[in-house]
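Here is the file target_38.tsv (TSV, C-alpha atoms).
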chain	number	residue	atom	x	y	z
Q	569	MET	CA	108.86	142.58	115.05
Q	570	PHE	CA	108.44	139.96	117.80
Q	571	ARG	CA	104.94	139.08	116.49
Q	572	ILE	CA	106.25	138.56	112.96
Q	573	SER	CA	109.07	136.33	114.22
Q	574	LEU	CA	106.67	134.36	116.41
Q	575	ALA	CA	104.20	133.97	113.56
Q	576	THR	CA	106.97	132.83	111.21
Q	577	ALA	CA	108.30	130.31	113.74
Q	578	LEU	CA	104.80	128.96	114.37
Q	579	PHE	CA	104.15	128.66	110.63
Q	580	LEU	CA	107.41	126.79	110.03
Q	581	THR	CA	106.73	124.45	112.95
Q	582	LEU	CA	103.22	123.61	111.76
Q	583	THR	CA	104.26	123.02	108.14
Q	584	SER	CA	107.10	120.81	109.33
Q	585	CYS	CA	104.66	118.70	111.35
Q	586	ALA	CA	102.29	118.43	108.40
Q	587	THR	CA	104.94	117.02	106.09
Q	588	HIS	CA	106.79	114.90	108.67
Q	589	PRO	CA	104.30	113.48	111.18
Q	590	ILE	CA	105.78	112.74	114.56
Q	591	ASP	CA	105.55	109.08	115.53
Q	592	SER	CA	102.69	108.36	113.14
Q	593	PRO	CA	102.09	104.60	113.21
Q	594	ARG	CA	102.14	102.78	109.90
Q	595	PRO	CA	98.93	100.89	109.19
Q	596	ASN	CA	98.65	97.13	109.31
Q	597	ILE	CA	98.14	96.15	105.66
Q	598	PHE	CA	96.83	92.91	104.21
Q	599	VAL	CA	97.35	92.13	100.53
Q	600	MET	CA	95.68	89.34	98.63
Q	601	ARG	CA	94.91	88.30	95.12
Q	602	HIS	CA	91.27	88.20	94.09
Q	603	LEU	CA	89.60	84.85	94.67
Q	604	HIS	CA	88.80	82.00	92.26
Q	605	THR	CA	88.04	82.79	88.62
Q	606	PRO	CA	87.88	80.73	85.43
Q	607	ALA	CA	91.12	80.78	83.42
Q	608	GLY	CA	91.32	82.86	80.27
Q	609	ALA	CA	88.31	85.15	80.70
Q	610	LYS	CA	88.84	88.92	80.36
Q	611	ASP	CA	86.82	90.26	83.33
Q	612	PRO	CA	85.13	87.24	84.86
Q	613	ASP	CA	82.89	86.97	87.85
Q	614	LEU	CA	84.15	84.80	90.68
Q	615	THR	CA	83.40	81.12	90.28
Q	616	PRO	CA	80.89	79.58	92.73
Q	617	GLU	CA	83.92	78.42	94.74
Q	618	GLY	CA	85.32	81.96	94.71
Q	619	LYS	CA	82.00	83.35	95.91
Q	620	ARG	CA	81.92	80.87	98.82
Q	621	TYR	CA	85.46	81.84	99.79
Q	622	ALA	CA	84.57	85.55	99.58
Q	623	GLU	CA	81.87	84.93	102.20
Q	624	ARG	CA	84.42	83.10	104.37
Q	625	LEU	CA	86.91	85.95	103.92
Q	626	ALA	CA	84.48	88.25	105.71
Q	627	GLU	CA	84.54	85.86	108.67
Q	628	GLN	CA	88.23	84.94	108.69
Q	629	LEU	CA	90.19	88.11	107.95
Q	630	PRO	CA	91.45	89.67	111.15
Q	631	SER	CA	89.22	92.70	111.23
Q	632	ALA	CA	90.40	94.69	114.23
Q	633	GLY	CA	90.55	98.29	113.14
Q	634	LEU	CA	89.74	97.65	109.46
Q	635	THR	CA	89.29	101.12	108.01
Q	636	ALA	CA	89.87	100.76	104.26
Q	637	VAL	CA	89.55	98.28	101.43
Q	638	TYR	CA	91.20	98.88	98.05
Q	639	VAL	CA	90.07	96.98	94.94
Q	640	SER	CA	90.64	97.36	91.22
Q	641	ALA	CA	87.71	98.11	88.92
Q	642	THR	CA	87.48	94.44	87.93
Q	643	LYS	CA	84.45	92.40	88.93
Q	644	ARG	CA	86.62	89.68	90.49
Q	645	ALA	CA	88.44	92.09	92.83
Q	646	GLN	CA	85.23	93.86	93.84
Q	647	GLN	CA	83.38	90.59	94.43
Q	648	THR	CA	86.26	89.28	96.55
Q	649	ALA	CA	85.97	92.19	98.98
Q	650	ALA	CA	82.21	92.83	98.83
Q	651	SER	CA	81.08	90.76	101.84
Q	652	LEU	CA	83.96	91.95	104.01
Q	653	ALA	CA	83.34	95.60	103.11
Q	654	LYS	CA	79.61	95.26	103.73
Q	655	ARG	CA	80.18	93.61	107.12
Q	656	HIS	CA	82.41	96.51	108.21
Q	657	LYS	CA	80.34	99.22	106.52
Q	658	ILE	CA	83.28	100.25	104.35
Q	659	VAL	CA	82.92	101.50	100.79
Q	660	PRO	CA	85.81	99.95	98.82
Q	661	LYS	CA	88.13	102.39	97.11
Q	662	ILE	CA	88.89	101.74	93.45
Q	663	TYR	CA	92.53	101.87	92.38
Q	664	ASP	CA	94.30	101.43	89.07
Q	665	PRO	CA	96.19	98.10	89.11
Q	666	ALA	CA	98.76	99.66	86.75
Q	667	ASP	CA	99.64	102.10	89.56
Q	668	SER	CA	100.95	99.96	92.40
Q	669	GLN	CA	102.85	102.91	93.84
Q	670	GLY	CA	99.64	104.93	93.99
Q	671	VAL	CA	97.65	102.32	95.92
Q	672	VAL	CA	100.57	101.77	98.30
Q	673	ALA	CA	100.88	105.51	98.95
Q	674	ALA	CA	97.15	105.73	99.61
Q	675	ALA	CA	97.13	102.68	101.90
Q	676	LEU	CA	100.01	104.05	103.95
Q	677	GLN	CA	97.96	107.19	104.65
Q	678	GLU	CA	95.09	105.22	106.16
Q	679	PRO	CA	94.70	105.39	109.95
Q	680	GLY	CA	94.01	101.71	110.59
Q	681	THR	CA	94.04	98.26	109.07
Q	682	VAL	CA	93.83	98.09	105.26
Q	683	LEU	CA	93.05	95.32	102.76
Q	684	ILE	CA	94.32	95.59	99.19
Q	685	VAL	CA	92.84	93.10	96.71
Q	686	GLY	CA	95.20	92.73	93.78
Q	687	HIS	CA	95.98	90.43	90.89
Q	688	SER	CA	98.55	87.74	90.18
Q	689	ASN	CA	100.76	90.25	88.39
Q	690	THR	CA	100.43	93.05	90.99
Q	691	VAL	CA	100.43	91.41	94.44
Q	692	PRO	CA	104.19	90.62	94.60
Q	693	ASN	CA	105.10	94.20	93.65
Q	694	ILE	CA	102.60	95.71	96.10
Q	695	VAL	CA	104.06	93.63	98.95
Q	696	VAL	CA	107.58	94.82	98.06
Q	697	LEU	CA	106.50	98.47	97.78
Q	698	LEU	CA	104.99	98.17	101.27
Q	699	GLY	CA	108.39	97.10	102.56
Q	700	GLY	CA	107.64	93.38	102.79
Q	701	GLN	CA	109.49	90.39	101.41
Q	702	ARG	CA	108.66	89.68	97.76
Q	703	PRO	CA	106.41	86.64	97.35
Q	704	ARG	CA	107.04	84.22	94.53
Q	705	ASP	CA	105.25	84.91	91.25
Q	706	LEU	CA	101.62	83.80	91.35
Q	707	ALA	CA	100.11	81.32	88.91
Q	708	HIS	CA	96.46	81.28	87.89
Q	709	GLU	CA	95.72	78.56	90.46
Q	710	ASP	CA	97.10	80.58	93.39
Q	711	PHE	CA	94.08	81.78	95.34
Q	712	GLY	CA	93.56	82.45	99.03
Q	713	ASP	CA	97.01	83.62	100.14
Q	714	LEU	CA	97.08	86.64	102.40
Q	715	TRP	CA	100.18	88.72	103.09
Q	716	GLN	CA	100.26	90.86	106.21
Q	717	ILE	CA	102.78	93.68	106.28
Q	718	SER	CA	102.99	95.30	109.68
Q	719	GLY	CA	105.13	97.11	112.19
Q	720	ALA	CA	107.97	99.56	111.79
Q	721	SER	CA	110.19	96.76	110.44
Q	722	ARG	CA	107.45	95.89	107.90
Q	723	LEU	CA	107.39	92.25	108.96
Q	724	THR	CA	105.80	90.10	106.26
Q	725	LYS	CA	103.61	87.17	107.21
Q	726	ARG	CA	102.00	84.90	104.58
Q	727	THR	CA	98.92	82.93	105.56
Q	728	LYS	CA	96.82	80.51	103.57
Q	729	LEU	CA	93.58	82.19	104.51
Q	730	LEU	CA	91.16	79.82	102.89
Q	731	GLU	CA	91.84	76.14	103.50

Go through the file and emit its structure as structure tokens.
Amino acid sequence: MFRISLATALFLTLTSCATHPIDSPRPNIFVMRHLHTPAGAKDPDLTPEGKRYAERLAEQLPSAGLTAVYVSATKRAQQTAASLAKRHKIVPKIYDPADSQGVVAAALQEPGTVLIVGHSNTVPNIVVLLGGQRPRDLAHEDFGDLWQISGASRLTKRTKLLE
């Protein structure tokens, strides 16, 4: 009887820890819109300017502990993160931009720093879902802003990454 009680108590303790991690740190998450594209195209490549900035992103993004990069299946999102991912030997993870909650849930499970490359119509919502302050709506011309959501209080910091 003692063994059954001990086994039951151990099982309940372990399943409780699995669903409610003790003091698990929340990752440091960066969110940005893809870089420069021509207006009006359905799935455009980055412009030459966007490609230059993508190279600079790999040099400028704080990269300490970068463990994951999330991009949509669009060429512009993938091209934005390509140099950074290559530099850190990370294979970008494809997410559905219609499922902001899904990418946020996945990013919050990552053990380190995460970059999510979104779109003008998804970035504000992703920042909010991460617990940050909602940015203003983005226009087509808004490229190069980076939102950092970090800490237990989910402090939001906006930086103009590419100036």

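Among the candidate residues Q:Gly686, Q:Pro612, Q:Gly699, Q:Pro595, the one lying nearest to Phe711 (chain Q) is Q:Gly686, with distances computed using all atoms listed in the file.
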
Item to check | Which of Q:Glu617, Q:Gly680, Q:Val691, Q:Trp715 sits closest to Ala666 (chain Q) [using only C-alpha atoms] | outcome: Q:Val691

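Picture a line from CA of Ile658 (chain Q) to CA of Glu623 (chain Q); it runs 15.5 Å.
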
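Minimum distance to His602 (chain Q) across Q:Ala673, Q:Leu629, Q:Ala649, Q:Val659 (counting all atoms listed in the file) occurs at Q:Ala649.
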
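Across the model, the gap from CA of Asn596 (chain Q) to CA of Gly618 (chain Q) is 24.9 Å.
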
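Taking CA of Arg601 (chain Q) as the reference point, CA of Val685 (chain Q) is found at 5.5 Å.
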
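Among the candidates Q:Ala626, Q:Ser718, Q:Tyr638, Q:Arg704, the one nearest to Ala675 (chain Q) when counting all atoms listed in the file is Q:Tyr638.
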
Next on the checklist: For Glu709 (chain Q), find every residue with an atom within 9 Å (counting all atoms listed in the file), except residues of its own chain fewer than 3 positions away, and show them as a list of chain:residue names.
Outcome noted: Q:His604, Q:Thr605, Q:Ala607, Q:Leu706

Go ahead and write the selection's residues with C-alpha atoms as an mmCIF file, keeping the file's coordinate frame.
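Listing of selection-v4.cif after writing:
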data_model
loop_
_atom_site.group_PDB
_atom_site.id
_atom_site.type_symbol
_atom_site.label_atom_id
_atom_site.label_comp_id
_atom_site.auth_asym_id
_atom_site.auth_seq_id
_atom_site.Cartn_x
_atom_site.Cartn_y
_atom_site.Cartn_z
ATOM 1 C CA HIS Q 604 88.800 82.000 92.260
ATOM 2 C CA THR Q 605 88.040 82.790 88.620
ATOM 3 C CA ALA Q 607 91.120 80.780 83.420
ATOM 4 C CA LEU Q 706 101.620 83.800 91.350
#

Select from region 652-678 of chain Q every residue with an atom at most 10 Å from any atom of region 642-647 of chain Q, then for each give the shortest pair of atoms and their distance in Å to one decimal, using only C-alpha atoms, rows by chain and rising number, as CSV.
residue,atom,partner,partner_atom,distance
Q:Leu652,CA,Q:Gln647,CA,9.7
Q:Ala653,CA,Q:Gln646,CA,9.6
Q:Pro660,CA,Q:Gln646,CA,7.9
Q:Lys661,CA,Q:Gln646,CA,9.6
Q:Ile662,CA,Q:Gln646,CA,8.7
Q:Asp664,CA,Q:Thr642,CA,9.8
Q:Pro665,CA,Q:Thr642,CA,9.5

Reconstructed region 662-696 of chain Q, atom set N, CA and C atoms, as a PDB file, keeping the file's coordinate frame:
ATOM      1  N   ILE Q 662      88.403 102.283  94.721  1.00  0.00           N
ATOM      2  CA  ILE Q 662      88.890 101.740  93.450  1.00  0.00           C
ATOM      3  C   ILE Q 662      90.272 102.311  93.157  1.00  0.00           C
ATOM      4  N   TYR Q 663      91.197 101.425  92.782  1.00  0.00           N
ATOM      5  CA  TYR Q 663      92.530 101.870  92.380  1.00  0.00           C
ATOM      6  C   TYR Q 663      92.871 101.285  91.016  1.00  0.00           C
ATOM      7  N   ASP Q 664      93.836 101.887  90.371  1.00  0.00           N
ATOM      8  CA  ASP Q 664      94.300 101.430  89.070  1.00  0.00           C
ATOM      9  C   ASP Q 664      95.391 100.384  89.289  1.00  0.00           C
ATOM     10  N   PRO Q 665      95.179  99.129  88.868  1.00  0.00           N
ATOM     11  CA  PRO Q 665      96.190  98.100  89.110  1.00  0.00           C
ATOM     12  C   PRO Q 665      97.514  98.381  88.390  1.00  0.00           C
ATOM     13  N   ALA Q 666      97.516  99.275  87.416  1.00  0.00           N
ATOM     14  CA  ALA Q 666      98.760  99.660  86.750  1.00  0.00           C
ATOM     15  C   ALA Q 666      99.566 100.646  87.597  1.00  0.00           C
ATOM     16  N   ASP Q 667      98.977 101.123  88.689  1.00  0.00           N
ATOM     17  CA  ASP Q 667      99.640 102.100  89.560  1.00  0.00           C
ATOM     18  C   ASP Q 667      99.820 101.542  90.965  1.00  0.00           C
ATOM     19  N   SER Q 668     100.694 100.558  91.089  1.00  0.00           N
ATOM     20  CA  SER Q 668     100.950  99.960  92.400  1.00  0.00           C
ATOM     21  C   SER Q 668     101.473 100.987  93.390  1.00  0.00           C
ATOM     22  N   GLN Q 669     102.324 101.891  92.937  1.00  0.00           N
ATOM     23  CA  GLN Q 669     102.850 102.910  93.840  1.00  0.00           C
ATOM     24  C   GLN Q 669     101.741 103.802  94.378  1.00  0.00           C
ATOM     25  N   GLY Q 670     100.743 104.087  93.548  1.00  0.00           N
ATOM     26  CA  GLY Q 670      99.640 104.930  93.990  1.00  0.00           C
ATOM     27  C   GLY Q 670      98.797 104.276  95.074  1.00  0.00           C
ATOM     28  N   VAL Q 671      98.466 102.995  94.908  1.00  0.00           N
ATOM     29  CA  VAL Q 671      97.650 102.320  95.920  1.00  0.00           C
ATOM     30  C   VAL Q 671      98.450 102.145  97.211  1.00  0.00           C
ATOM     31  N   VAL Q 672      99.740 101.898  97.095  1.00  0.00           N
ATOM     32  CA  VAL Q 672     100.570 101.770  98.300  1.00  0.00           C
ATOM     33  C   VAL Q 672     100.638 103.103  99.037  1.00  0.00           C
ATOM     34  N   ALA Q 673     100.843 104.189  98.311  1.00  0.00           N
ATOM     35  CA  ALA Q 673     100.880 105.510  98.950  1.00  0.00           C
ATOM     36  C   ALA Q 673      99.564 105.813  99.651  1.00  0.00           C
ATOM     37  N   ALA Q 674      98.460 105.485  99.001  1.00  0.00           N
ATOM     38  CA  ALA Q 674      97.150 105.730  99.610  1.00  0.00           C
ATOM     39  C   ALA Q 674      96.951 104.867 100.847  1.00  0.00           C
ATOM     40  N   ALA Q 675      97.307 103.602 100.762  1.00  0.00           N
ATOM     41  CA  ALA Q 675      97.130 102.680 101.900  1.00  0.00           C
ATOM     42  C   ALA Q 675      97.958 103.124 103.100  1.00  0.00           C
ATOM     43  N   LEU Q 676      99.148 103.623 102.848  1.00  0.00           N
ATOM     44  CA  LEU Q 676     100.010 104.050 103.950  1.00  0.00           C
ATOM     45  C   LEU Q 676      99.492 105.308 104.651  1.00  0.00           C
ATOM     46  N   GLN Q 677      98.566 106.013 104.028  1.00  0.00           N
ATOM     47  CA  GLN Q 677      97.960 107.190 104.650  1.00  0.00           C
ATOM     48  C   GLN Q 677      96.750 106.849 105.504  1.00  0.00           C
ATOM     49  N   GLU Q 678      96.276 105.625 105.418  1.00  0.00           N
ATOM     50  CA  GLU Q 678      95.090 105.220 106.160  1.00  0.00           C
ATOM     51  C   GLU Q 678      95.410 105.107 107.654  1.00  0.00           C
ATOM     52  N   PRO Q 679      94.448 105.402 108.509  1.00  0.00           N
ATOM     53  CA  PRO Q 679      94.700 105.390 109.950  1.00  0.00           C
ATOM     54  C   PRO Q 679      94.656 104.018 110.614  1.00  0.00           C
ATOM     55  N   GLY Q 680      94.153 103.018 109.939  1.00  0.00           N
ATOM     56  CA  GLY Q 680      94.010 101.710 110.590  1.00  0.00           C
ATOM     57  C   GLY Q 680      94.404 100.578 109.676  1.00  0.00           C
ATOM     58  N   THR Q 681      93.751  99.446 109.858  1.00  0.00           N
ATOM     59  CA  THR Q 681      94.040  98.260 109.070  1.00  0.00           C
ATOM     60  C   THR Q 681      93.447  98.393 107.671  1.00  0.00           C
ATOM     61  N   VAL Q 682      94.209  97.931 106.667  1.00  0.00           N
ATOM     62  CA  VAL Q 682      93.830  98.090 105.260  1.00  0.00           C
ATOM     63  C   VAL Q 682      93.912  96.728 104.573  1.00  0.00           C
ATOM     64  N   LEU Q 683      92.981  96.470 103.656  1.00  0.00           N
ATOM     65  CA  LEU Q 683      93.050  95.320 102.760  1.00  0.00           C
ATOM     66  C   LEU Q 683      93.184  95.838 101.348  1.00  0.00           C
ATOM     67  N   ILE Q 684      94.176  95.306 100.613  1.00  0.00           N
ATOM     68  CA  ILE Q 684      94.320  95.590  99.190  1.00  0.00           C
ATOM     69  C   ILE Q 684      94.089  94.287  98.447  1.00  0.00           C
ATOM     70  N   VAL Q 685      93.111  94.270  97.544  1.00  0.00           N
ATOM     71  CA  VAL Q 685      92.840  93.100  96.710  1.00  0.00           C
ATOM     72  C   VAL Q 685      93.477  93.372  95.351  1.00  0.00           C
ATOM     73  N   GLY Q 686      94.465  92.555  95.024  1.00  0.00           N
ATOM     74  CA  GLY Q 686      95.200  92.730  93.780  1.00  0.00           C
ATOM     75  C   GLY Q 686      95.017  91.579  92.825  1.00  0.00           C
ATOM     76  N   HIS Q 687      95.998  91.428  91.957  1.00  0.00           N
ATOM     77  CA  HIS Q 687      95.980  90.430  90.890  1.00  0.00           C
ATOM     78  C   HIS Q 687      97.298  89.678  90.894  1.00  0.00           C
ATOM     79  N   SER Q 688      97.344  88.571  90.169  1.00  0.00           N
ATOM     80  CA  SER Q 688      98.550  87.740  90.180  1.00  0.00           C
ATOM     81  C   SER Q 688      99.787  88.530  89.752  1.00  0.00           C
ATOM     82  N   ASN Q 689      99.615  89.492  88.870  1.00  0.00           N
ATOM     83  CA  ASN Q 689     100.760  90.250  88.390  1.00  0.00           C
ATOM     84  C   ASN Q 689     101.021  91.530  89.194  1.00  0.00           C
ATOM     85  N   THR Q 690     100.206  91.831  90.196  1.00  0.00           N
ATOM     86  CA  THR Q 690     100.430  93.050  90.990  1.00  0.00           C
ATOM     87  C   THR Q 690     100.751  92.778  92.450  1.00  0.00           C
ATOM     88  N   VAL Q 691     100.251  91.680  93.002  1.00  0.00           N
ATOM     89  CA  VAL Q 691     100.430  91.410  94.440  1.00  0.00           C
ATOM     90  C   VAL Q 691     101.901  91.380  94.848  1.00  0.00           C
ATOM     91  N   PRO Q 692     102.791  90.633  94.147  1.00  0.00           N
ATOM     92  CA  PRO Q 692     104.190  90.620  94.600  1.00  0.00           C
ATOM     93  C   PRO Q 692     104.815  92.016  94.663  1.00  0.00           C
ATOM     94  N   ASN Q 693     104.543  92.848  93.669  1.00  0.00           N
ATOM     95  CA  ASN Q 693     105.100  94.200  93.650  1.00  0.00           C
ATOM     96  C   ASN Q 693     104.517  95.063  94.765  1.00  0.00           C
ATOM     97  N   ILE Q 694     103.226  94.939  95.027  1.00  0.00           N
ATOM     98  CA  ILE Q 694     102.600  95.710  96.100  1.00  0.00           C
ATOM     99  C   ILE Q 694     103.227  95.352  97.446  1.00  0.00           C
ATOM    100  N   VAL Q 695     103.440  94.057  97.688  1.00  0.00           N
ATOM    101  CA  VAL Q 695     104.060  93.630  98.950  1.00  0.00           C
ATOM    102  C   VAL Q 695     105.446  94.248  99.087  1.00  0.00           C
ATOM    103  N   VAL Q 696     106.236  94.239  98.022  1.00  0.00           N
ATOM    104  CA  VAL Q 696     107.580  94.820  98.060  1.00  0.00           C
ATOM    105  C   VAL Q 696     107.505  96.329  98.314  1.00  0.00           C
TER     106      VAL Q 696
END
